[in-house]
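**Q** Dumping the structure here so I can ask a few things about it.
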Amino acid sequence: MELKLHKFGKKTAGKVKVSDSIFAADYNEALIHQVVTAYMAGSRAGTKAQKTRAEVRGGGRKPWRQKGLGRARAGTIRSPIWRGGGVTFAAKVRDFSQKVNKKMYRGAMRSILSELARQDRLILIDNIVLENSKTKSFVEKLNELKLKEVLIITDEISENLYLASRNIPCVSIVDTLEINPYTLIGYENIVMTKEAVQKVEAWLA
């Protein structure tokens, strides 16, 4: 299949041929949901930890005798109902990650890219060349393409591109090694350079 190729900040510059298996694949909502959920679960720290009544320091002696004092029975001062006691059902360090094999992950990436292309939310450009690192100049080029909330994927992030884009809200720059399903579905539009498309095709082929 062919997609429109734009010059950065200008009108259509032509067309570029892309792989049908990557940019014209069927939309698999269930697979995308599973992979995105697994990705988000893998990002959780899981480092929360609390102490049970067995782990809290102290409480080795029965605070008072069982009968005769008119008070409630107590076996330890580290009971969960006491101040300073352990925690009932204490949280422990855990791993939230879910298993997703390579075939599923790549299948979800193909499905997302294909759906973006069908909705005209995937914009291909020939290259991003900035003469300076001024944010104003970069915003003007984005406005010419009518882009506001956008993820730009390049094969290499230049210093001028990084400096010009870092203070713009809802605009992010990543290289082909950083893209993932969660990032792709989080933006209204996706801009990819021609070189980035070639790298993605080599990866997902």
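Ordered as shown in the structure tokens, chains take letters A, B, and onward, while each chain numbers its residues from 1 and ligands are numbered from 1 in the order shown.
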Give one line per residue of region 94-128 of chain A that approaches region 144-152 of chain A to at most 12 Å, naming the two atoms of the closest pair and their distance in Å to one decimal, counting only C-alpha atoms; sort by chain then ascending residue number and deliver it as a tab-separated table.

**A**
```
residue	atom	partner	partner_atom	distance
A:Arg121	CA	A:Val150	CA	9.5
A:Leu122	CA	A:Leu151	CA	9.9
A:Ile123	CA	A:Ile152	CA	9.4
A:Leu124	CA	A:Ile152	CA	9.9
A:Ile125	CA	A:Ile152	CA	10.1
A:Asn127	CA	A:Ile152	CA	11.1
A:Ile128	CA	A:Ile152	CA	9.8
```

**Q** Save the residues we just selected, N, CA and C atoms, as a compact mmCIF listing (two decimals), in the first residue's frame?

**A**
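And here's result-v9.txt as it stands now:
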```
# COMPACT_ATOMS: atom_id res chain seq x y z
N ARG A 121 -4.54 9.26 10.97
CA ARG A 121 -3.85 9.85 12.13
C ARG A 121 -2.35 9.57 12.09
N LEU A 122 -1.92 8.78 11.10
CA LEU A 122 -0.50 8.49 10.91
C LEU A 122 0.01 9.34 9.75
N ILE A 123 0.94 10.23 10.04
CA ILE A 123 1.46 11.18 9.05
C ILE A 123 2.93 10.88 8.82
N LEU A 124 3.28 10.61 7.57
CA LEU A 124 4.67 10.34 7.21
C LEU A 124 5.31 11.60 6.64
N ILE A 125 6.52 11.87 7.06
CA ILE A 125 7.27 13.03 6.56
C ILE A 125 8.62 12.55 6.05
N ASN A 127 11.66 14.11 6.31
CA ASN A 127 12.74 14.27 7.28
C ASN A 127 12.43 15.48 8.15
N ILE A 128 13.06 15.56 9.30
CA ILE A 128 12.93 16.72 10.18
C ILE A 128 14.28 17.40 10.25
```

**Q** Which residues in region 7-188 of chain A does DSSP call strand (DSSP E)? List them as a list in words.

**A**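 Filtering region 7-188 of chain A down to strand (DSSP E) leaves Thr12, Ala13, Gly14, Lys15, Val16, Lys17, Leu122, Ile123, Leu124, Ile125, Val150, Leu151, Ile152, Ile153, Thr154, Val171, Ser172, Ile173, Val174 and Asp175 of chain A.
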
**Q** If we count only C-alpha atoms, what is near region 65-78 of chain A at a cut-off of 10 Å, once residues fewer than 3 positions away on the same chain are taken out, given as an MDAnalysis selection string?

**A** chainID A and resid 52:62 81:87

**Q** Looking at only C-alpha atoms, which of A:Gly46, A:Asn143, A:Asn132, A:Ala38 is the one that sits closest to Lys99 (chain A)?

**A**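 That would be A:Ala38, the residue with the smallest distance to Lys99 (chain A).
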
**Q** Taking only C-alpha atoms into account, name the residue in A:Ile157, A:Leu31, A:Ile22, A:Ala41 that is nearest to Trp203 (chain A).

**A**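 Ranked by minimum distance to Trp203 (chain A), first place goes to A:Ile22.
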
**Q** Please provide the set of residues having any atom within 9 Å of Ser158 (chain A), restricted to only C-alpha atoms, with same-chain residues fewer than 5 positions apart removed, written as a ChimeraX atom specification.

**A** /A:129-130,163

**Q** Can you work out which one of A:Ser21, A:Leu142, A:Ala108, A:Gly14 has the shortest atom-to-atom distance to Gln34 (chain A), counting only C-alpha atoms?

**A**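 Result for the nearest residue to Gln34 (chain A): A:Ala108.
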
**Q** Which residues are near Gln50 (chain A)? Cut-off 8 Å, only C-alpha atoms, ignore same chain within fewer than 4 positions. Put them as an MDAnalysis selection string.

**A** chainID A and resid 87 90:92

**Q** With a distance cut-off of 12 Å and only C-alpha atoms, select the neighbouring residues of Ala196 (chain A), excluding the residue or stretch itself and same-chain residues fewer than 2 positions from it, and output the selection as number ranges by chain.

**A** A: 18, 123-128, 152-157, 174-179, 190-194, 198-203

**Q** With only C-alpha atoms as the counted atoms, please give the residues lying no more than 9 Å from Ser165 (chain A), apart from itself and same-chain residues fewer than 6 positions off, as an NGL selection string.

**A** :A and (133-135 or 138-139 or 171-173)

**Q** Please, which residues of region 102-201 of chain A, numbered as in this document, come out alpha helix (DSSP H) from DSSP, as a ChimeraX atom specification?

**A** /A:102-118,135-144,159-165,181-184,194-201

**Q** Using Å and a single decimal, report how far CA of Phe96 (chain A) sits from CA of Tyr187 (chain A).

**A**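 Computing it gives 25.4 Å between the two atoms.
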
**Q** Taking into account only C-alpha atoms, which residue in the set A:Ala205, A:Ala117, A:Met109, A:Val36 is nearest to Tyr182 (chain A)?

**A**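 Looking only at the distances to Tyr182 (chain A), the closest residue turns out to be A:Val36.
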
**Q** What's the separation between CA of Gln98 (chain A) and CA of Thr47 (chain A), in Å to one decimal place?

**A**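 Interatomic distance, CA of Gln98 (chain A) to CA of Thr47 (chain A): 16.6 Å.
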
**Q** With distances taken over only C-alpha atoms, which of A:Asp95, A:Asp120, A:Glu188, A:Glu131 is nearest to Phe23 (chain A)?

**A**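 Once distances to Phe23 (chain A) are computed over only C-alpha atoms, the minimum belongs to A:Asp120.
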
**Q** Which value, in Å to one decimal, gives the distance between CA of Val197 (chain A) and CA of Thr183 (chain A)?

**A**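 Separation of CA of Val197 (chain A) and CA of Thr183 (chain A): 16.3 Å.
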